[in-house]
Structures are given as C-alpha cells and as structure tokens.
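Visitor: Provided herewith: run20.pdb, PDB, C-alpha atoms.
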ATOM      1  CA  MET N   1      16.497  77.062  32.705
ATOM      2  CA  LYS N   2      16.497  78.184  36.326
ATOM      3  CA  ASN N   3      16.045  81.845  35.328
ATOM      4  CA  ILE N   4      12.914  81.245  33.267
ATOM      5  CA  PRO N   5       9.788  82.327  35.227
ATOM      6  CA  LYS N   6       7.260  79.659  36.160
ATOM      7  CA  HIS N   7       4.483  81.232  34.002
ATOM      8  CA  THR N   8       6.697  81.176  30.923
ATOM      9  CA  MET N   9       7.616  77.595  31.609
ATOM     10  CA  ASP N  10       3.939  76.715  32.041
ATOM     11  CA  PHE N  11       3.120  78.505  28.794
ATOM     12  CA  LEU N  12       5.907  76.776  26.929
ATOM     13  CA  SER N  13       4.973  73.411  28.272
ATOM     14  CA  GLY N  14       1.338  73.940  27.186
ATOM     15  CA  LYS N  15      -0.198  74.062  30.663
ATOM     16  CA  ILE N  16      -1.524  77.632  30.365
ATOM     17  CA  LEU N  17      -2.403  77.095  26.734
ATOM     18  CA  SER N  18      -4.561  74.147  27.581
ATOM     19  CA  LYS N  19      -6.264  76.028  30.447
ATOM     20  CA  TYR N  20      -6.988  79.346  28.795
ATOM     21  CA  SER N  21      -6.522  78.786  25.098
ATOM     22  CA  LEU N  22     -10.045  77.590  24.418
ATOM     23  CA  LYS N  23     -11.631  80.638  26.069
ATOM     24  CA  ALA N  24      -9.167  83.041  24.459
ATOM     25  CA  LEU N  25      -9.537  81.507  21.015
ATOM     26  CA  THR N  26     -13.325  81.559  21.244
ATOM     27  CA  THR N  27     -13.340  85.232  22.270
ATOM     28  CA  LEU N  28     -10.873  86.151  19.539
ATOM     29  CA  SER N  29     -12.868  84.312  16.891
ATOM     30  CA  LEU N  30     -16.062  86.063  17.990
ATOM     31  CA  VAL N  31     -14.405  89.482  17.843
ATOM     32  CA  ALA N  32     -12.951  88.702  14.405
ATOM     33  CA  ALA N  33     -16.305  87.434  13.119
ATOM     34  CA  LEU N  34     -18.094  90.546  14.419
ATOM     35  CA  PHE N  35     -15.448  92.732  12.754
ATOM     36  CA  VAL N  36     -15.859  90.975   9.403
ATOM     37  CA  ILE N  37     -19.657  91.099   9.564
ATOM     38  CA  GLY N  38     -19.540  94.749  10.571
ATOM     39  CA  SER N  39     -17.247  95.747   7.745
ATOM     40  CA  SER N  40     -19.215  93.855   5.101
ATOM     41  CA  ALA N  41     -22.458  95.325   6.383
ATOM     42  CA  GLY N  42     -20.919  98.751   5.903
ATOM     43  CA  ALA N  43     -19.958  97.871   2.330
ATOM     44  CA  LEU N  44     -23.345  96.465   1.401
ATOM     45  CA  ARG N  45     -26.319  98.716   1.197
ATOM     46  CA  ILE N  46     -29.652  97.300   2.158
ATOM     47  CA  LEU N  47     -32.321  98.430  -0.259
ATOM     48  CA  THR N  48     -36.024  98.258   0.420
ATOM     49  CA  GLU N  49     -38.447  96.643  -2.030
ATOM     50  CA  LYS N  50     -39.758 100.098  -2.979
ATOM     51  CA  GLN N  51     -36.242 101.393  -3.677
ATOM     52  CA  ILE N  52     -35.423  98.357  -5.816
ATOM     53  CA  GLU N  53     -38.608  98.918  -7.827
ATOM     54  CA  ASP N  54     -37.784 102.614  -8.249
ATOM     55  CA  ILE N  55     -34.268 101.760  -9.417
ATOM     56  CA  ALA N  56     -35.581  99.226 -11.929
ATOM     57  CA  SER N  57     -38.045 101.743 -13.333
ATOM     58  CA  SER N  58     -35.571 104.610 -13.673
ATOM     59  CA  CYS N  59     -32.329 102.792 -14.433
ATOM     60  CA  GLN N  60     -32.558 102.971 -18.207
ATOM     61  CA  SER N  61     -32.609 106.761 -18.161
ATOM     62  CA  ALA N  62     -29.685 106.591 -15.709
ATOM     63  CA  GLN N  63     -27.814 104.486 -18.261
ATOM     64  CA  VAL N  64     -28.463 107.131 -20.911
ATOM     65  CA  GLU N  65     -27.091 109.807 -18.535
ATOM     66  CA  LEU N  66     -24.120 107.592 -17.802
ATOM     67  CA  ASN N  67     -23.463 107.140 -21.505
ATOM     68  CA  SER N  68     -23.439 110.857 -22.148
ATOM     69  CA  LEU N  69     -21.133 111.434 -19.145
ATOM     70  CA  HIS N  70     -18.900 108.626 -20.391
ATOM     71  CA  ASN N  71     -18.558 110.275 -23.800
ATOM     72  CA  GLY N  72     -17.788 113.656 -22.251
ATOM     73  CA  ASP N  73     -15.213 112.084 -19.961
ATOM     74  CA  ALA N  74     -13.535 110.287 -22.870
ATOM     75  CA  LEU N  75     -13.124 113.616 -24.592
ATOM     76  CA  MET N  76     -11.837 115.264 -21.433
ATOM     77  CA  ARG N  77      -9.381 112.428 -20.882
ATOM     78  CA  ALA N  78      -8.037 112.785 -24.432
ATOM     79  CA  ASN N  79      -7.600 116.559 -24.255
ATOM     80  CA  LEU N  80      -6.342 116.634 -20.695
ATOM     81  CA  GLY N  81      -3.924 113.746 -21.219
ATOM     82  CA  GLN N  82      -2.512 115.506 -24.254
ATOM     83  CA  GLN N  83      -1.956 118.689 -22.257
ATOM     84  CA  TYR N  84      -0.357 116.959 -19.268
ATOM     85  CA  GLU N  85       1.997 115.033 -21.562
ATOM     86  CA  SER N  86       2.855 118.108 -23.549
ATOM     87  CA  ILE N  87       3.754 120.055 -20.391
ATOM     88  CA  LEU N  88       6.161 117.270 -19.461
ATOM     89  CA  ASN N  89       7.732 116.739 -22.880
ATOM     90  CA  ASP N  90       7.704 120.292 -24.223
ATOM     91  CA  LEU N  91       8.457 122.283 -21.077
ATOM     92  CA  ILE N  92       9.645 120.327 -18.055
ATOM     93  CA  VAL N  93      12.101 117.913 -19.710
ATOM     94  CA  PRO N  94      13.765 120.553 -21.947
ATOM     95  CA  PHE N  95      14.015 122.999 -19.029
ATOM     96  CA  ASN N  96      15.663 120.341 -16.827
ATOM     97  CA  SER N  97      18.165 119.646 -19.624
ATOM     98  CA  ARG N  98      18.902 123.313 -20.072
ATOM     99  CA  LEU N  99      19.671 123.743 -16.381
ATOM    100  CA  ALA N 100      21.866 120.618 -16.403
ATOM    101  CA  ASN N 101      23.733 121.839 -19.503
ATOM    102  CA  ASN N 102      24.517 125.040 -17.625
ATOM    103  CA  ASP N 103      25.704 123.212 -14.477
ATOM    104  CA  ILE N 104      22.813 124.445 -12.345
ATOM    105  CA  ASP N 105      21.680 122.078  -9.608
ATOM    106  CA  ASN N 106      18.267 120.791 -10.679
ATOM    107  CA  SER N 107      18.116 117.546  -8.693
ATOM    108  CA  GLN N 108      14.879 118.575  -6.979
ATOM    109  CA  LEU N 109      13.237 119.421 -10.299
ATOM    110  CA  ILE N 110      14.352 116.080 -11.781
ATOM    111  CA  LYS N 111      12.881 114.226  -8.810
ATOM    112  CA  LEU N 112       9.605 116.111  -9.241
ATOM    113  CA  SER N 113       9.578 115.321 -12.963
ATOM    114  CA  GLY N 114       9.880 111.609 -12.122
ATOM    115  CA  ASP N 115       7.028 111.875  -9.642
ATOM    116  CA  TYR N 116       4.958 113.728 -12.217
ATOM    117  CA  ARG N 117       5.604 111.008 -14.804
ATOM    118  CA  LYS N 118       4.505 108.332 -12.318
ATOM    119  CA  ALA N 119       1.366 110.322 -11.495
ATOM    120  CA  LEU N 120       0.617 110.542 -15.219
ATOM    121  CA  ASP N 121       0.891 106.741 -15.491
ATOM    122  CA  SER N 122      -1.442 106.400 -12.490
ATOM    123  CA  LEU N 123      -3.936 108.710 -14.187
ATOM    124  CA  ARG N 124      -3.918 106.483 -17.294
ATOM    125  CA  GLU N 125      -4.442 103.408 -15.136
ATOM    126  CA  ALA N 126      -7.247 105.031 -13.123
ATOM    127  CA  TYR N 127      -8.978 106.145 -16.314
ATOM    128  CA  SER N 128      -8.788 102.619 -17.792
ATOM    129  CA  GLN N 129     -10.372 101.218 -14.641
ATOM    130  CA  TYR N 130     -13.066 103.925 -14.615
ATOM    131  CA  GLU N 131     -13.836 103.308 -18.270
ATOM    132  CA  ARG N 132     -14.114  99.549 -17.738
ATOM    133  CA  VAL N 133     -16.483  99.894 -14.757
ATOM    134  CA  THR N 134     -18.615 102.538 -16.485
ATOM    135  CA  ARG N 135     -18.922 100.474 -19.658
ATOM    136  CA  SER N 136     -20.024  97.360 -17.775
ATOM    137  CA  THR N 137     -22.610  99.442 -15.844
ATOM    138  CA  MET N 138     -23.968 100.885 -19.084
ATOM    139  CA  GLU N 139     -24.239  97.454 -20.662
ATOM    140  CA  MET N 140     -25.915  95.823 -17.667
ATOM    141  CA  ASN N 141     -29.490  94.567 -17.892
ATOM    142  CA  CYS N 142     -30.573  96.904 -15.114
ATOM    143  CA  LYS N 143     -34.271  96.111 -15.196
ATOM    144  CA  GLU N 144     -33.491  92.491 -14.392
ATOM    145  CA  GLN N 145     -30.676  93.276 -11.927
ATOM    146  CA  PRO N 146     -31.519  96.587 -10.207
ATOM    147  CA  VAL N 147     -29.512  95.848  -7.037
ATOM    148  CA  GLU N 148     -26.391  94.840  -8.968
ATOM    149  CA  PHE N 149     -26.875  97.905 -11.149
ATOM    150  CA  TYR N 150     -26.971 100.227  -8.138
ATOM    151  CA  GLU N 151     -23.858  98.589  -6.678
ATOM    152  CA  SER N 152     -22.143  98.994 -10.018
ATOM    153  CA  VAL N 153     -23.087 102.706 -10.073
ATOM    154  CA  GLU N 154     -21.421 103.023  -6.678
ATOM    155  CA  GLU N 155     -18.288 101.410  -8.152
ATOM    156  CA  VAL N 156     -18.371 103.967 -10.967
ATOM    157  CA  ARG N 157     -18.593 106.754  -8.364
ATOM    158  CA  LYS N 158     -15.590 105.359  -6.519
ATOM    159  CA  SER N 159     -13.492 105.036  -9.685
ATOM    160  CA  ARG N 160     -14.399 108.551 -10.793
ATOM    161  CA  SER N 161     -13.470 109.921  -7.407
ATOM    162  CA  LYS N 162     -10.130 108.071  -7.659
ATOM    163  CA  LEU N 163      -9.616 109.607 -11.088
ATOM    164  CA  HIS N 164     -10.346 113.047  -9.665
ATOM    165  CA  LYS N 165      -7.712 112.462  -6.977
ATOM    166  CA  ARG N 166      -5.129 111.439  -9.604
ATOM    167  CA  VAL N 167      -5.776 114.689 -11.469
ATOM    168  CA  GLY N 168      -5.350 116.514  -8.148
ATOM    169  CA  THR N 169      -1.978 114.812  -7.631
ATOM    170  CA  LEU N 170      -0.778 115.884 -11.065
ATOM    171  CA  ASN N 171      -1.856 119.464 -10.413
ATOM    172  CA  TYR N 172      -0.091 119.333  -7.058
ATOM    173  CA  TYR N 173       3.182 118.351  -8.782
ATOM    174  CA  LEU N 174       2.730 121.128 -11.332
ATOM    175  CA  LYS N 175       2.374 123.662  -8.522
ATOM    176  CA  LEU N 176       5.341 122.191  -6.658
ATOM    177  CA  TYR N 177       7.493 122.312  -9.793
ATOM    178  CA  TYR N 178       6.626 125.977 -10.234
ATOM    179  CA  LYS N 179       7.485 126.679  -6.615
ATOM    180  CA  ASP N 180      10.885 124.992  -6.996
ATOM    181  CA  PHE N 181      11.466 126.771 -10.279
ATOM    182  CA  LYS N 182      10.872 130.109  -8.507
ATOM    183  CA  ALA N 183      13.410 129.151  -5.858
ATOM    184  CA  ILE N 184      16.025 128.268  -8.516
ATOM    185  CA  LYS N 185      15.219 131.481 -10.375
ATOM    186  CA  SER N 186      15.669 133.715  -7.355
ATOM    187  CA  ASP N 187      18.838 131.846  -6.405
ATOM    188  CA  TRP N 188      20.232 132.366  -9.901
ATOM    189  CA  GLU N 189      19.250 136.067  -9.880
ATOM    190  CA  ALA N 190      20.926 136.553  -6.505
ATOM    191  CA  LYS N 191      24.147 135.093  -7.879
ATOM    192  CA  ASN N 192      24.072 136.697 -11.315
ATOM    193  CA  GLY N 193      22.359 139.991 -10.592
TER     194      GLY N 193
ATOM    195  CA  MET O   1      18.163  41.997 -44.100
ATOM    196  CA  ASP O   2      16.185  45.111 -45.151
ATOM    197  CA  SER O   3      12.857  43.664 -44.266
ATOM    198  CA  HIS O   4      10.829  45.876 -41.776
ATOM    199  CA  PRO O   5       8.336  44.604 -39.298
ATOM    200  CA  ASP O   6       4.769  44.710 -40.619
ATOM    201  CA  HIS O   7       3.475  47.504 -38.330
ATOM    202  CA  LEU O   8       6.297  49.841 -39.411
ATOM    203  CA  SER O   9       5.571  49.267 -43.026
ATOM    204  CA  ASP O  10       1.868  50.052 -42.361
ATOM    205  CA  GLU O  11       2.790  53.325 -40.656
ATOM    206  CA  ASN O  12       4.965  54.320 -43.598
ATOM    207  CA  THR O  13       2.147  53.609 -45.984
ATOM    208  CA  ASP O  14      -0.244  55.757 -43.912
ATOM    209  CA  GLN O  15       2.261  58.616 -43.851
ATOM    210  CA  ASN O  16       2.778  58.350 -47.576
ATOM    211  CA  ARG O  17      -0.968  58.481 -48.140
ATOM    212  CA  LEU O  18      -1.226  61.594 -45.917
ATOM    213  CA  VAL O  19       1.597  63.362 -47.766
ATOM    214  CA  GLU O  20       0.104  62.382 -51.070
ATOM    215  CA  SER O  21      -3.308  63.661 -50.034
ATOM    216  CA  ALA O  22      -1.808  66.955 -48.792
ATOM    217  CA  ASN O  23       0.036  67.322 -52.085
ATOM    218  CA  GLN O  24      -3.189  66.793 -53.990
ATOM    219  CA  HIS O  25      -5.037  69.442 -51.924
ATOM    220  CA  ARG O  26      -2.247  71.959 -51.533
ATOM    221  CA  ILE O  27      -4.404  75.021 -51.999
ATOM    222  CA  VAL O  28      -6.964  73.890 -49.434
ATOM    223  CA  VAL O  29      -4.183  73.181 -46.910
ATOM    224  CA  LEU O  30      -2.649  76.579 -47.630
ATOM    225  CA  VAL O  31      -5.963  78.410 -47.132
ATOM    226  CA  ILE O  32      -6.814  76.566 -43.913
ATOM    227  CA  GLY O  33      -3.273  77.079 -42.586
ATOM    228  CA  SER O  34      -3.351  80.791 -43.410
ATOM    229  CA  LEU O  35      -6.744  81.203 -41.747
ATOM    230  CA  PHE O  36      -5.494  79.447 -38.633
ATOM    231  CA  VAL O  37      -2.353  81.608 -38.400
ATOM    232  CA  ALA O  38      -4.438  84.763 -38.993
ATOM    233  CA  PHE O  39      -6.900  83.721 -36.288
ATOM    234  CA  VAL O  40      -4.099  83.141 -33.759
ATOM    235  CA  LEU O  41      -2.424  86.460 -34.545
ATOM    236  CA  VAL O  42      -5.687  88.448 -34.403
ATOM    237  CA  SER O  43      -6.610  86.829 -31.069
ATOM    238  CA  LEU O  44      -3.194  87.744 -29.688
ATOM    239  CA  ALA O  45      -3.511  91.323 -30.949
ATOM    240  CA  MET O  46      -7.019  91.736 -29.473
ATOM    241  CA  THR O  47      -5.850  90.358 -26.126
ATOM    242  CA  LEU O  48      -2.997  92.851 -26.056
ATOM    243  CA  TYR O  49      -5.310  95.684 -27.183
ATOM    244  CA  ASN O  50      -7.714  94.998 -24.315
ATOM    245  CA  SER O  51      -5.222  94.149 -21.588
ATOM    246  CA  SER O  52      -2.830  97.044 -22.265
ATOM    247  CA  GLY O  53      -5.529  99.671 -21.666
ATOM    248  CA  ALA O  54      -5.359 100.880 -25.272
ATOM    249  CA  ALA O  55      -8.999  99.859 -25.755
ATOM    250  CA  GLN O  56     -10.068 102.265 -23.030
ATOM    251  CA  LEU O  57      -8.242 105.185 -24.628
ATOM    252  CA  ASP O  58      -9.119 104.463 -28.239
ATOM    253  CA  LEU O  59     -11.471 107.183 -29.414
ATOM    254  CA  SER O  60     -11.596 105.798 -32.946
ATOM    255  CA  ARG O  61     -14.110 103.185 -31.796
ATOM    256  CA  PRO O  62     -17.602 103.549 -33.327
ATOM    257  CA  GLU O  63     -19.284 104.555 -30.047
ATOM    258  CA  TYR O  64     -17.040 107.611 -29.801
ATOM    259  CA  GLN O  65     -17.866 108.942 -33.286
ATOM    260  CA  SER O  66     -19.919 111.766 -31.808
ATOM    261  CA  VAL O  67     -17.093 113.069 -29.619
ATOM    262  CA  VAL O  68     -14.100 112.612 -31.923
ATOM    263  CA  ASP O  69     -14.572 116.077 -33.449
ATOM    264  CA  GLY O  70     -14.154 117.627 -30.015
ATOM    265  CA  ILE O  71     -10.545 116.481 -29.666
ATOM    266  CA  GLU O  72      -8.126 119.378 -29.797
ATOM    267  CA  HIS O  73      -5.166 118.523 -32.009
ATOM    268  CA  LYS O  74      -2.680 121.081 -30.765
ATOM    269  CA  THR O  75       0.364 120.783 -32.951
ATOM    270  CA  ASP O  76       1.476 124.393 -32.718
ATOM    271  CA  LEU O  77       2.272 124.349 -29.000
ATOM    272  CA  ASP O  78       5.420 126.205 -27.997
ATOM    273  CA  LYS O  79       8.299 123.983 -27.021
ATOM    274  CA  TYR O  80      10.924 125.290 -24.647
ATOM    275  CA  PRO O  81      14.441 124.940 -26.127
ATOM    276  CA  SER O  82      16.643 122.524 -24.194
ATOM    277  CA  SER O  83      19.888 124.142 -25.358
ATOM    278  CA  GLY O  84      21.231 127.620 -24.795
ATOM    279  CA  ALA O  85      22.508 129.661 -21.905
ATOM    280  CA  VAL O  86      20.490 130.385 -18.789
ATOM    281  CA  SER O  87      19.697 134.063 -18.738
ATOM    282  CA  LYS O  88      17.108 136.342 -17.180
ATOM    283  CA  LYS O  89      15.165 136.249 -20.433
ATOM    284  CA  ALA O  90      15.394 132.436 -20.712
ATOM    285  CA  LEU O  91      13.991 132.048 -17.200
ATOM    286  CA  LYS O  92      11.265 134.600 -17.850
ATOM    287  CA  ASP O  93      10.297 132.850 -21.100
ATOM    288  CA  PHE O  94       9.981 129.534 -19.304
ATOM    289  CA  GLU O  95       7.927 131.048 -16.510
ATOM    290  CA  ASP O  96       5.497 132.692 -18.932
ATOM    291  CA  LEU O  97       5.123 129.538 -20.980
ATOM    292  CA  TYR O  98       4.691 127.332 -17.923
ATOM    293  CA  GLN O  99       2.094 129.576 -16.348
ATOM    294  CA  LYS O 100       0.173 129.908 -19.586
ATOM    295  CA  ARG O 101       0.020 126.138 -20.092
ATOM    296  CA  THR O 102      -0.673 125.045 -16.515
ATOM    297  CA  GLU O 103      -3.084 127.734 -15.333
ATOM    298  CA  SER O 104      -6.094 126.516 -17.306
ATOM    299  CA  ILE O 105      -5.765 122.829 -16.435
ATOM    300  CA  ILE O 106      -5.150 123.493 -12.753
ATOM    301  CA  LYS O 107      -8.297 125.618 -12.608
ATOM    302  CA  LEU O 108     -10.341 122.950 -14.383
ATOM    303  CA  ASP O 109     -11.851 120.595 -11.834
ATOM    304  CA  ALA O 110     -11.558 117.558 -14.092
ATOM    305  CA  PHE O 111     -13.663 114.508 -13.177
ATOM    306  CA  GLY O 112     -14.928 116.307 -10.094
ATOM    307  CA  GLY O 113     -18.362 117.558  -9.206
ATOM    308  CA  ASP O 114     -21.505 115.709  -8.340
ATOM    309  CA  THR O 115     -22.337 114.382 -11.786
ATOM    310  CA  LEU O 116     -22.922 110.829 -10.563
ATOM    311  CA  SER O 117     -25.273 111.586  -7.692
ATOM    312  CA  ASP O 118     -28.625 109.813  -7.525
ATOM    313  CA  GLU O 119     -30.369 113.060  -8.516
ATOM    314  CA  ALA O 120     -28.075 113.671 -11.489
ATOM    315  CA  LEU O 121     -28.644 110.146 -12.784
ATOM    316  CA  GLY O 122     -32.371 110.305 -12.145
ATOM    317  CA  LEU O 123     -32.275 107.470  -9.622
ATOM    318  CA  PRO O 124     -34.327 107.422  -6.395
ATOM    319  CA  LYS O 125     -32.464 109.096  -3.556
ATOM    320  CA  ILE O 126     -30.919 106.427  -1.342
ATOM    321  CA  ASP O 127     -29.144 107.370   1.895
TER     322      ASP O 127
END
Show me the file's structure as structure tokens.

Guide:
Amino acid sequence: MKNIPKHTMDFLSGKILSKYSLKALTTLSLVAALFVIGSSAGALRILTEKQIEDIASSCQSAQVELNSLHNGDALMRANLGQQYESILNDLIVPFNSRLANNDIDNSQLIKLSGDYRKALDSLREAYSQYERVTRSTMEMNCKEQPVEFYESVEEVRKSRSKLHKRVGTLNYYLKLYYKDFKAIKSDWEAKNG
Amino acid sequence: MDSHPDHLSDENTDQNRLVESANQHRIVVLVIGSLFVAFVLVSLAMTLYNSSGAAQLDLSRPEYQSVVDGIEHKTDLDKYPSSGAVSKKALKDFEDLYQKRTESIIKLDAFGGDTLSDEALGLPKID
C-alpha cells in the first residue's frame, strides 16, 4: 500500500471522483448527446414543404418506374444467379476435383471456391433484402406519406448499392480464381514441359 | 364398496355424453379436424416460404408473369469433367470454358448504374 501514489489512492477512495466526476460526467454526456444528434441529423433529410408536395404529386409515376425496374431486376437476378451457380458447379468444383485426383496442390483454389460460395450466399441474402424493401416501397400509399416514401426510396437505393457490391465481390473471386489457375498452369507446364 | 362420489359420477356422465355426441357427428368432427390440420400446415409452409427468402426469388408469382419468358433455361451448358489426367489440352479446355463463361458476366455491370436517381424516378431533385 505504501507504493501506491497518492492520486491513485484518492481516486480509489472516491475523493477525486467526488470532486471531478460531476463535471467530467456532464461534459461526457454533452459530447455523447451532440454526437448522437449529429449522426441522426445526417441520417434524416429535412424536406421543405414544396419538396414534400412535389414528391406527393410525382410519387405514383415513381412507383411505376420502380415496378418496372423491380421486374427487370428479378429477371437479372434469375439469369445471373443461374450463371454464377453454374460456373461453380460445372467448372470450378469439377476442376478442383480433377487437380486433387492428380495430386496437384489446389489448396488455394479450394479456399477461393469456399469464399466464392459464401459470396454467392451473400448475394442471395442481399437480393432478398432488396426485393423486400422495393416491394414495400411500391406498395406504400405515397400520396398520404410522401416523406416516408422518399425515405423508403433511399433505403431501396442503399440495398441496390449493396447488391451491386455483392456482385462485384463475386466477380473479384472469379478473376482471382483465374489468376491462381494461371499460376498452377504455368507451374505444371514448367514441370511437365 | 364400488360407490363413487357424486361429482365423479357427474364427470363420467358428461364425458360419456361428449363421446356419444362425437360419435353421432363423426363426419362433422372429421371435416373440422381436417380443416384445422390443413390450416396449421399451410400457415407453417407460408411462414417458411416467406422467411427462407424463397418468396423473393419465386418468379412463378402472378406479378412476374410478364418477365417469366425472359428467363434463360440453359440446360446445354458445358460441364468440365472432374475425372481424367491433367494434360496441356485439359488445362487449355478449362481455360477456354472458364473465360467464355465468366467474361460476359464480369463485363455486365449488374445492379449498377444510376437507375434509382431522383431524375430517373421522376421525383423532384433533392440534394
């Protein structure tokens, strides 16, 4: 106990806490409150009366546009999903097996295949979310709730952008797989002429 | 010795009446029971259909009738054989097949673009 500095002892015994804690806690709470208000203000968009009126008057045609985009996206999702799955099941998996059957080290390719499979699952999940948000935006009574409608459109934008990123991730793995395949190919050619 | 208390004998009589009544209306009980079981099973199936994400991918729903014809049913896609030796030709075949199948989807900027902008949706421009 002799080695413990006086300040630490004061702190532990509550002397400093009682002196400074109120000020410190008040300052901290203010900073935290300002941070929370600031971040929610960033998330919420303040619309003027004129903008709200304009949204209410044009939202039904926006819902029609959204519906047509939604249909096109459903088709794209079906065709694209089929192609991504087929690349995995018809090309990647059999090629990995063939290398393994011939005792060629393919650990990197197997790891990439796993990552690709996970990315494909994420794409499915992201599409489900996007579809759910888009559907609820299309079904909303936008004339009555123009502000909520606009916020919902922003949600749709975010989910579509997330979907776009998931597609980008899958394409990234496809490119990486090809790069690793090239490395294995040149390695094999160097060994076998 | 075998005499039961009065309230037990009343309960037995009630039960007997219930069984008798059910026996008399067997068909009605069967129909109501079947409907109840069907309702429970359908509710369970619909919950699973919606929660699993299948609902979001199901293009057989009426609202997708217009786009169903656009689905490409590719059944004749080449499949790379998983057995066989690794040779120069086998590697070349894989490379050609892989490039052919991946090139088009990598180039396609799926779900990208500015299709949801205020202008594209016909909404007033809001900064």

Visitor: Of the candidates O:Arg17, O:Arg61, O:Arg26, O:Arg101, which one gets nearest to Leu80 of chain N if we count only C-alpha atoms?

Guide: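 Checking each of O:Arg17, O:Arg61, O:Arg26, O:Arg101 against Leu80 of chain N, counting only C-alpha atoms, the winner is O:Arg101.
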
Visitor: Which residues match the ChimeraX specification (/O :<6) & /N in the file above, as a list of chain:residue names?

Guide: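 With the ChimeraX specification (/O :<6) & /N on this model, the match is N:Ser58, N:Ala62, N:Glu65, N:Asp90, N:Leu91, N:Pro94, N:Phe95, N:Ser97, N:Arg98, N:Ser128, N:His164, N:Asn171.
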
Visitor: So that I can see what lies close to segment 131-137 of chain N, please list as a list in words the residues with an atom at most 9 Å from it, counting all atoms listed in the file and leaving out residues fewer than 4 positions away in the same chain.

Guide: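 Those residues are Gln63, Leu66, Asn67, His70, Ala74, Ala126, Tyr127, Asn141, Cys142, Phe149, Tyr150, Ser152, Val153, Glu155, Val156 and Ser159 of chain N; Gln56 and Leu57 of chain O.
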
Visitor: How many Å separate atom CA of Arg77 of chain N from atom CA of Val64 of chain N?

Guide: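 Answer for the atom CA of Arg77 of chain N to atom CA of Val64 of chain N separation: 19.8 Å.
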
Visitor: Find, counting all atoms listed in the file, the residue in N:Val93, N:Leu163, N:Cys59, N:Ala100 that gets nearest to Ser113 of chain N.

Guide: N:Val93

Visitor: State, in Å with one decimal place, the distance from atom CA of Gly193 of chain N to atom CA of Tyr173 of chain N.

Guide: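 Taking atom CA of Gly193 of chain N and atom CA of Tyr173 of chain N, their separation equals 29.0 Å.
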
Visitor: Could you tell me how far atom CA of Lys162 of chain N sits from atom CA of Leu109 of chain N, in Å to one decimal place?

Guide: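 Atom-to-atom, atom CA of Leu109 of chain N and atom CA of Lys162 of chain N are spaced 26.1 Å apart.
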
Visitor: Which residues, written as a list in words, have at least one atom at most 12 Å from Leu176 of chain N, with only C-alpha atoms counted and residues fewer than 5 positions away on the same chain left out?

Guide: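 Selected residues are Gln108, Leu109, Lys111, Leu112, Ser113, Asp115, Tyr116, Thr169, Leu170, Asn171, Phe181, Lys182 and Ala183 of chain N; Thr102 of chain O.
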
Visitor: If you keep C-alpha atoms, can you produce a file of those selected residues as a PDB file, in the frame of the given file?

Guide:
ATOM      1  CA  GLN N 108      14.879 118.575  -6.979  1.00  0.00           C
ATOM      2  CA  LEU N 109      13.237 119.421 -10.299  1.00  0.00           C
ATOM      3  CA  LYS N 111      12.881 114.226  -8.810  1.00  0.00           C
ATOM      4  CA  LEU N 112       9.605 116.111  -9.241  1.00  0.00           C
ATOM      5  CA  SER N 113       9.578 115.321 -12.963  1.00  0.00           C
ATOM      6  CA  ASP N 115       7.028 111.875  -9.642  1.00  0.00           C
ATOM      7  CA  TYR N 116       4.958 113.728 -12.217  1.00  0.00           C
ATOM      8  CA  THR N 169      -1.978 114.812  -7.631  1.00  0.00           C
ATOM      9  CA  LEU N 170      -0.778 115.884 -11.065  1.00  0.00           C
ATOM     10  CA  ASN N 171      -1.856 119.464 -10.413  1.00  0.00           C
ATOM     11  CA  PHE N 181      11.466 126.771 -10.279  1.00  0.00           C
ATOM     12  CA  LYS N 182      10.872 130.109  -8.507  1.00  0.00           C
ATOM     13  CA  ALA N 183      13.410 129.151  -5.858  1.00  0.00           C
TER      14      ALA N 183
ATOM     15  CA  THR O 102      -0.673 125.045 -16.515  1.00  0.00           C
TER      16      THR O 102
END

Visitor: Please return segment 83-87 of chain N, rebuilt to all heavy atoms, as a PDB file, in the frame of the given file.

Guide:
ATOM      1  N   GLN N  83      -2.548 117.491 -22.860  1.00  0.00           N
ATOM      2  CA  GLN N  83      -1.956 118.689 -22.257  1.00  0.00           C
ATOM      3  C   GLN N  83      -0.941 118.330 -21.172  1.00  0.00           C
ATOM      4  O   GLN N  83       0.139 118.936 -21.101  1.00  0.00           O
ATOM      5  CB  GLN N  83      -3.057 119.562 -21.660  1.00  0.00           C
ATOM      6  CG  GLN N  83      -3.862 120.267 -22.726  1.00  0.00           C
ATOM      7  CD  GLN N  83      -4.855 121.238 -22.124  1.00  0.00           C
ATOM      8  OE1 GLN N  83      -4.486 122.141 -21.395  1.00  0.00           O
ATOM      9  NE2 GLN N  83      -6.118 121.037 -22.413  1.00  0.00           N
ATOM     10  N   TYR N  84      -1.291 117.358 -20.331  1.00  0.00           N
ATOM     11  CA  TYR N  84      -0.357 116.959 -19.268  1.00  0.00           C
ATOM     12  C   TYR N  84       0.941 116.408 -19.875  1.00  0.00           C
ATOM     13  O   TYR N  84       2.032 116.682 -19.384  1.00  0.00           O
ATOM     14  CB  TYR N  84      -0.991 115.910 -18.351  1.00  0.00           C
ATOM     15  CG  TYR N  84      -1.909 116.476 -17.305  1.00  0.00           C
ATOM     16  CD1 TYR N  84      -3.219 116.039 -17.180  1.00  0.00           C
ATOM     17  CD2 TYR N  84      -1.459 117.454 -16.406  1.00  0.00           C
ATOM     18  CE1 TYR N  84      -4.078 116.553 -16.206  1.00  0.00           C
ATOM     19  CE2 TYR N  84      -2.306 117.975 -15.441  1.00  0.00           C
ATOM     20  CZ  TYR N  84      -3.616 117.520 -15.346  1.00  0.00           C
ATOM     21  OH  TYR N  84      -4.445 118.042 -14.389  1.00  0.00           O
ATOM     22  N   GLU N  85       0.799 115.616 -20.936  1.00  0.00           N
ATOM     23  CA  GLU N  85       1.997 115.033 -21.562  1.00  0.00           C
ATOM     24  C   GLU N  85       2.828 116.107 -22.234  1.00  0.00           C
ATOM     25  O   GLU N  85       4.055 116.086 -22.181  1.00  0.00           O
ATOM     26  CB  GLU N  85       1.586 113.972 -22.569  1.00  0.00           C
ATOM     27  CG  GLU N  85       1.418 112.642 -21.881  1.00  0.00           C
ATOM     28  CD  GLU N  85       1.289 111.476 -22.826  1.00  0.00           C
ATOM     29  OE1 GLU N  85       2.059 111.406 -23.790  1.00  0.00           O
ATOM     30  OE2 GLU N  85       0.401 110.655 -22.578  1.00  0.00           O
ATOM     31  N   SER N  86       2.144 117.050 -22.852  1.00  0.00           N
ATOM     32  CA  SER N  86       2.855 118.108 -23.549  1.00  0.00           C
ATOM     33  C   SER N  86       3.631 118.999 -22.558  1.00  0.00           C
ATOM     34  O   SER N  86       4.745 119.423 -22.851  1.00  0.00           O
ATOM     35  CB  SER N  86       1.839 118.918 -24.349  1.00  0.00           C
ATOM     36  OG  SER N  86       2.302 120.187 -24.579  1.00  0.00           O
ATOM     37  N   ILE N  87       3.043 119.246 -21.401  1.00  0.00           N
ATOM     38  CA  ILE N  87       3.754 120.055 -20.391  1.00  0.00           C
ATOM     39  C   ILE N  87       5.043 119.337 -19.993  1.00  0.00           C
ATOM     40  O   ILE N  87       6.105 119.959 -19.854  1.00  0.00           O
ATOM     41  CB  ILE N  87       2.847 120.309 -19.165  1.00  0.00           C
ATOM     42  CG1 ILE N  87       1.748 121.314 -19.526  1.00  0.00           C
ATOM     43  CG2 ILE N  87       3.659 120.840 -17.973  1.00  0.00           C
ATOM     44  CD1 ILE N  87       0.664 121.460 -18.490  1.00  0.00           C
TER      45      ILE N  87
END
